[in-house]
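Q: Next up is a structure, given as structure tokens.
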Amino acid sequence: MSIPYFEFLRAELAPGLLDGLWVSLIVIIPSALLGAFIGLTAGVLRVYGPMPVRKLAEAYVSLFRGTPLVVQVFFWYFALPYIKFGGWSLVLDPIPAAILAFGLCSGAYQSEYIRGGLNSIKRGQIRAALALGMTTRQAVMNVVLPQAFRRALPGCGNEIIYLIKYSSLASIITVNELTGTATTIAKNSWRNIEVFCTLGVVYLLLVTVATWLLHLLEDTLSVPGFERPQE
Amino acid sequence: MSQHSENTPILEARNLIKVLGGNRVLDSVNLDIGRGRVKVLIGPSGAGKSTLLQCLNFLTPPDSGHILLEGREVNAGSKKELCSFRQQVGMIFQDFNLFDHLSALENVRVALMKVRGMSKLDATERAVAELKRVGLVDRAAHYPANLSGGQKQRVAIARALAMDPKVMLLDEPTSALDPELIGEVLTVIRALAQGGMTMIMATHQISFSASLADEFIFMEKGRIVEHGSPAELLGKGVGSRTQAFCAKISELTGEADGEFRS
């Protein structure tokens with residue numbers, strides 16, 4: 001009665017998922033960049049910031065690591081418009097709301113890896129930089145952070161892989177990305193198993209490409225003493 | 001006038017006190033050093049030699065006391081003044097502390113560019129010259145992970161020299177080295193001293209430093225116990241505590257130091 005899988009894939013599923021894939025990329029790439037930027041900033045502030053800033057960064061991390069991402073996504077999309085700043089309120093479209101939610105959540109986790117990386121750098125490195133007349137800021141930016149970033153990169157990459165998969169949550173605020181599109185197709189066609197198995201394969205491909213790109217970055221930044229462990 | 005300025009010590013420490021974990025690591029230490037002089041800090045470990053050197057450039061801020069550079073007191077509360085002071089005081093660490101992610105050349109160059117604001121071209125030229133001075137220009141592209149301990153310490157010396165310091169603080173520069181690598185570093189230090197560099201060095205290399213130092217400073221329990229020229233402290237039959245300490249070290253390391261034995 002129903003058409004064969006490959007026919008279904010060619011005529012309906014693949015074109016739909018391809019549209020969804022572009023939307024997913026529009027969400028994932030800016031979220032990953034935003035998350036990396038926030039993670040780097042928050043990580044440095046947590047280790048080297050003045051005490052009040054340090055506490056503030058800690059609070060940010062606890063809040064965004066401690067609440068479910070679904071709640072955060074709903075908050076930025078549904079709740080934010082109700083918060084009035086002197087008569088003004090901010091209404092975000094679904095895609096910007098998703099990017100903000102993912103970026104902030106990813107940044108909280110990224111900052112953990114950066115913090116670990118910073119703490120793993122020997123005290124002597126910063127002392128030597130200070131002894132040459134660098135300010136603490138120059139020492140952190142030119143000596144400690146470049147080393148810490150290389151150490152943190154595998155962890156941060158891992159976080160980006162997670163981000164690719166939890167970007168599927170954007171579908172709950174009407175973003176028609178991969179998972180949202182797949183759900184619609186599954187409902188209309190009653191072919192749940194085929195649709196969601198295919199969806200899984202698409203995410204697997206996406207993650208494979210991302211892994212390869214991250215390895216490329218690790219190799220580019222690799223210097224003796226900071227190599228990627230050879231598997 | 002000129003006579004006066006010649007006599008002004010380059011670096012002077014007055015009444016330095018540092019308490020760490022309830023211990024007086026530095027107990028009212030006074031020290032001054034004139035241009036081109038070499039002073040050597042000796043004493044048992046825990047005597048406060050390292051702490052003294054680190055207090056002299058505020059890497060470990062002293063609890064109280066004054067530090068003067070060419071007769072002017074350093075205000076460590078001012079970031080700008082502190083950074084400018086540290087540029088003029090080179091520091092060599094026991095464990096080298098080369099920047100691990102930078103090549104030998106970049107290690108020497110980075111502060112020239114970031115602190116001195118030199119162009120990359122000028123900084124590179126200067127860095128190459130300094131690496132030549134310590135005999136490592138052929139290792140310029142090597143990273144610390146691929147350098148021997150002795151080479152690392154020589155790069156660290158080049159890095160400090162590139163900032164044109166008025167005085168160098170050396171904190172046991174050869175203590176972390178394998179015995180066969182000590183010589184190359186001592187050769188560089190000797191050349192520096194002969195070139196007129198002002199230096200304060202903590203070391204256990206007694207015979208080497210006796211041939212170099214204008215003054216030995218013997219520290220114990222955070223205090224300067226004895227000081228004087230190596231001949232005064234180590235001469236036959238002097239019976240100084242410095243001599244007793246040095247004799248013990250020579251015995252342990254097998255250093256052939258016959259003329260200084262009591």
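The way I read the labels, and the way they are meant: chains A, B, ... in the order of the structure tokens, residue 1 as the first residue of every chain, and ligand 1 as the first ligand shown, with later ones counted on from there.
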Counting only C-alpha atoms, which residues from chain B have an atom at most 9 Å from any atom of chain A, and could you show them as a PyMOL selection string?

A: chain B and resi 57-59+79-80+82-93+95-103+110-111+114-115+142-146+159-160+163

Q: As a PyMOL selection string, which residues of region 36-171 of chain A does DSSP assign to strand (DSSP E)?

A: chain A and resi 84-85+88-89

Q: Please compute the CA of Leu25 (chain A)-CA of Ile193 (chain A) distance, one decimal, in Å.

A: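 Going from CA of Leu25 (chain A) over to CA of Ile193 (chain A) covers 24.1 Å.
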
Q: Excluding Gly222 (chain B) and residues on its chain fewer than 4 positions from it, collect all residues at most 9 Å away from it, counting only C-alpha atoms, and give them as an MDAnalysis selection string.

A: chainID B and resid 17:18 24:29 46:49 51:52

Q: What does the distance between CA of Asn192 (chain A) and CA of Ile172 (chain A) come to in Å, to one decimal place?

A: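 Computing the Euclidean distance for CA of Asn192 (chain A) and CA of Ile172 (chain A) yields 18.1 Å.
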
Q: Compile the contact shell of Glu184 (chain B) as a list in words: residues with an atom at most 10 Å away, counting only C-alpha atoms, same-chain residues fewer than 2 positions apart removed.

A: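 Final neighbour list, sorted by chain and number: Val134, Gly135, Gly150, Gln151, Gln153, Arg154, Thr174, Glu180, Leu181, Ile182, Leu186, Thr187, Val188 and Ile189 of chain B.
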
Q: Now that the selection is made, can you save its residues with all heavy atoms as a JSON list (two decimals), in the first residue's frame?

A:
```
[["chain", "number", "residue", "atom", "x", "y", "z"],
["B", 134, "VAL", "N", 73.74, 33.78, 23.70],
["B", 134, "VAL", "CA", 73.79, 32.58, 24.54],
["B", 134, "VAL", "C", 74.06, 31.33, 23.72],
["B", 134, "VAL", "O", 73.91, 30.21, 24.21],
["B", 134, "VAL", "CB", 72.48, 32.40, 25.36],
["B", 134, "VAL", "CG1", 72.27, 33.58, 26.29],
["B", 134, "VAL", "CG2", 71.28, 32.22, 24.45],
["B", 135, "GLY", "N", 74.44, 31.54, 22.44],
["B", 135, "GLY", "CA", 74.87, 30.43, 21.59],
["B", 135, "GLY", "C", 73.75, 29.51, 21.15],
["B", 135, "GLY", "O", 73.95, 28.31, 20.95],
["B", 150, "GLY", "N", 69.58, 22.72, 29.92],
["B", 150, "GLY", "CA", 70.58, 23.78, 29.81],
["B", 150, "GLY", "C", 70.22, 24.79, 28.74],
["B", 150, "GLY", "O", 70.37, 26.00, 28.91],
["B", 151, "GLN", "N", 69.70, 24.25, 27.61],
["B", 151, "GLN", "CA", 69.28, 25.15, 26.53],
["B", 151, "GLN", "C", 68.11, 26.01, 26.97],
["B", 151, "GLN", "O", 68.05, 27.20, 26.67],
["B", 151, "GLN", "CB", 68.92, 24.34, 25.28],
["B", 151, "GLN", "CG", 70.14, 23.68, 24.65],
["B", 151, "GLN", "CD", 69.77, 22.69, 23.56],
["B", 151, "GLN", "OE1", 68.65, 22.18, 23.52],
["B", 151, "GLN", "NE2", 70.71, 22.42, 22.67],
["B", 153, "GLN", "N", 67.42, 27.04, 29.98],
["B", 153, "GLN", "CA", 67.86, 28.10, 30.88],
["B", 153, "GLN", "C", 68.60, 29.19, 30.10],
["B", 153, "GLN", "O", 68.48, 30.37, 30.43],
["B", 153, "GLN", "CB", 68.74, 27.52, 31.99],
["B", 153, "GLN", "CG", 68.99, 28.44, 33.17],
["B", 153, "GLN", "CD", 67.72, 28.88, 33.87],
["B", 153, "GLN", "OE1", 66.87, 29.57, 33.29],
["B", 153, "GLN", "NE2", 67.57, 28.47, 35.11],
["B", 154, "ARG", "N", 69.32, 28.81, 29.05],
["B", 154, "ARG", "CA", 70.02, 29.82, 28.25],
["B", 154, "ARG", "C", 69.02, 30.69, 27.49],
["B", 154, "ARG", "O", 69.19, 31.90, 27.36],
["B", 154, "ARG", "CB", 71.02, 29.17, 27.31],
["B", 154, "ARG", "CG", 72.29, 28.72, 28.04],
["B", 154, "ARG", "CD", 72.92, 27.51, 27.41],
["B", 154, "ARG", "NE", 73.51, 27.79, 26.11],
["B", 154, "ARG", "CZ", 73.82, 26.84, 25.22],
["B", 154, "ARG", "NH1", 73.58, 25.57, 25.50],
["B", 154, "ARG", "NH2", 74.35, 27.16, 24.07],
["B", 174, "THR", "N", 71.00, 26.77, 38.21],
["B", 174, "THR", "CA", 71.47, 25.47, 37.73],
["B", 174, "THR", "C", 70.98, 24.30, 38.58],
["B", 174, "THR", "O", 71.33, 23.15, 38.34],
["B", 174, "THR", "CB", 73.03, 25.42, 37.70],
["B", 174, "THR", "OG1", 73.51, 25.68, 39.02],
["B", 174, "THR", "CG2", 73.59, 26.44, 36.74],
["B", 180, "GLU", "N", 75.73, 17.33, 33.77],
["B", 180, "GLU", "CA", 76.52, 17.60, 32.57],
["B", 180, "GLU", "C", 76.02, 18.84, 31.81],
["B", 180, "GLU", "O", 76.66, 19.30, 30.88],
["B", 180, "GLU", "CB", 76.55, 16.37, 31.64],
["B", 180, "GLU", "CG", 75.31, 16.14, 30.82],
["B", 180, "GLU", "CD", 74.28, 15.28, 31.54],
["B", 180, "GLU", "OE1", 74.34, 15.21, 32.80],
["B", 180, "GLU", "OE2", 73.41, 14.71, 30.86],
["B", 181, "LEU", "N", 74.87, 19.39, 32.22],
["B", 181, "LEU", "CA", 74.33, 20.56, 31.53],
["B", 181, "LEU", "C", 74.60, 21.86, 32.28],
["B", 181, "LEU", "O", 74.32, 22.94, 31.80],
["B", 181, "LEU", "CB", 72.82, 20.41, 31.32],
["B", 181, "LEU", "CG", 72.39, 19.18, 30.52],
["B", 181, "LEU", "CD1", 70.87, 19.10, 30.47],
["B", 181, "LEU", "CD2", 72.97, 19.24, 29.12],
["B", 182, "ILE", "N", 75.16, 21.72, 33.51],
["B", 182, "ILE", "CA", 75.37, 22.91, 34.33],
["B", 182, "ILE", "C", 76.42, 23.83, 33.70],
["B", 182, "ILE", "O", 76.24, 25.04, 33.66],
["B", 182, "ILE", "CB", 75.80, 22.49, 35.76],
["B", 182, "ILE", "CG1", 74.61, 21.82, 36.46],
["B", 182, "ILE", "CG2", 76.27, 23.68, 36.57],
["B", 182, "ILE", "CD1", 74.93, 21.27, 37.83],
["B", 186, "LEU", "N", 76.61, 27.98, 33.34],
["B", 186, "LEU", "CA", 77.59, 28.75, 34.12],
["B", 186, "LEU", "C", 78.47, 29.59, 33.18],
["B", 186, "LEU", "O", 78.84, 30.72, 33.52],
["B", 186, "LEU", "CB", 78.45, 27.81, 34.97],
["B", 186, "LEU", "CG", 77.70, 27.08, 36.10],
["B", 186, "LEU", "CD1", 78.68, 26.28, 36.96],
["B", 186, "LEU", "CD2", 76.92, 28.06, 36.98],
["B", 187, "THR", "N", 78.80, 29.03, 32.01],
["B", 187, "THR", "CA", 79.61, 29.77, 31.05],
["B", 187, "THR", "C", 78.92, 31.07, 30.66],
["B", 187, "THR", "O", 79.54, 32.14, 30.60],
["B", 187, "THR", "CB", 79.86, 28.91, 29.79],
["B", 187, "THR", "OG1", 80.42, 27.67, 30.21],
["B", 187, "THR", "CG2", 80.79, 29.60, 28.82],
["B", 188, "VAL", "N", 77.60, 30.98, 30.40],
["B", 188, "VAL", "CA", 76.84, 32.17, 30.02],
["B", 188, "VAL", "C", 76.82, 33.18, 31.17],
["B", 188, "VAL", "O", 77.00, 34.38, 30.98],
["B", 188, "VAL", "CB", 75.40, 31.78, 29.61],
["B", 188, "VAL", "CG1", 74.54, 33.02, 29.44],
["B", 188, "VAL", "CG2", 75.43, 30.97, 28.32],
["B", 189, "ILE", "N", 76.62, 32.66, 32.41],
["B", 189, "ILE", "CA", 76.55, 33.56, 33.57],
["B", 189, "ILE", "C", 77.90, 34.24, 33.79],
["B", 189, "ILE", "O", 77.98, 35.43, 34.07],
["B", 189, "ILE", "CB", 76.11, 32.78, 34.82],
["B", 189, "ILE", "CG1", 74.66, 32.30, 34.64],
["B", 189, "ILE", "CG2", 76.22, 33.63, 36.07],
["B", 189, "ILE", "CD1", 74.16, 31.38, 35.73]]
```

Q: Would you work out the distance separating CA of Ala182 (chain A) from CA of Ala36 (chain A), expressed in Å to one decimal?

A: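 Interatomic distance here is 28.5 Å.
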